[in-house]
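One structure is given below, encoded as structure tokens.
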Amino acid sequence: MMPSASLVVGCVAAILLSACSSPGTPTLTSSAPSESAPSAMPTSATPSPTPAPTWSAEQLDAIRAVEDYRAAIQKIEADPRGFTGAEMKAALRRVAGGDVVSAKVNTYVALKKQGFRYDGATVVVSAKASRPSDASYGREVVVTNCLDQRALRVLDKSGRVVPEAELGYSIPEFNLRQYTVVRTSGAEKFLVYGLSPGKGECGP
């Protein structure tokens, strides 16, 4: 079952966010600056989580879909000025679907206008995948990552670290992120259709 669409870029200058979808095609909405932000989103190239022996092929495919998504957004976050809005959209459509694409493009464009960019890598401390389920739109898996963001920061055009007060949000050292990953009927691969804060503990 798909989360209901109810979040959309809110925390201003940053990068991602969202939550869910509805029958037909999953949709996303959110209200946090970036994936690295408490509820929203950034990331970076990260090591692949070690798969549990009991994970099915679909769960592994869903986890890889999240890795591909994170790698794609990391490139944009690291250099928003190097992408046009159309290029951002094209890159995101290869790894995400529904409202996630438009919400992300909006946050990245805002980041670009401010002259901000993310610097530093995030590391996946742990990864979990729910049991695949059937939905009217296809197959769905929820992947939850605990992200170590201690090396992450936001820089301005001059390379200065942007303070929390100017950003409008803080970047937590550890962030529990939940990704709704869907392979729609007839599609060959899973895409990220929803983003939301995870429930539980995330830390060293």
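In the structure tokens, chains take the letters A, B, ... in the order shown, each chain's residues start at 1, and ligands count up from 1 in the order shown.
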Would you mind listing what lies within 10 Å of Arg117 of chain A as a ChimeraX atom specification, with only C-alpha atoms counted and same-chain residues fewer than 6 positions away left out? /A:13-15,76-81,108,111,153-157,159,161-162
Which of these, A:Thr122, A:Ser196, A:Gly186, A:Val141, has the shortest distance to Ile171 of chain A once you count only C-alpha atoms?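 The closest residue to Ile171 of chain A is A:Thr122.
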Here is a test: counting only C-alpha atoms, which residue of A:Val100, A:Lys113, A:Val182, A:Leu60 is nearest to Phe83 of chain A? A:Lys113
Distance atom CA of Tyr179 of chain A-atom CA of Ala129 of chain A, one decimal place?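 Interatomic distance, atom CA of Tyr179 of chain A to atom CA of Ala129 of chain A: 9.4 Å.
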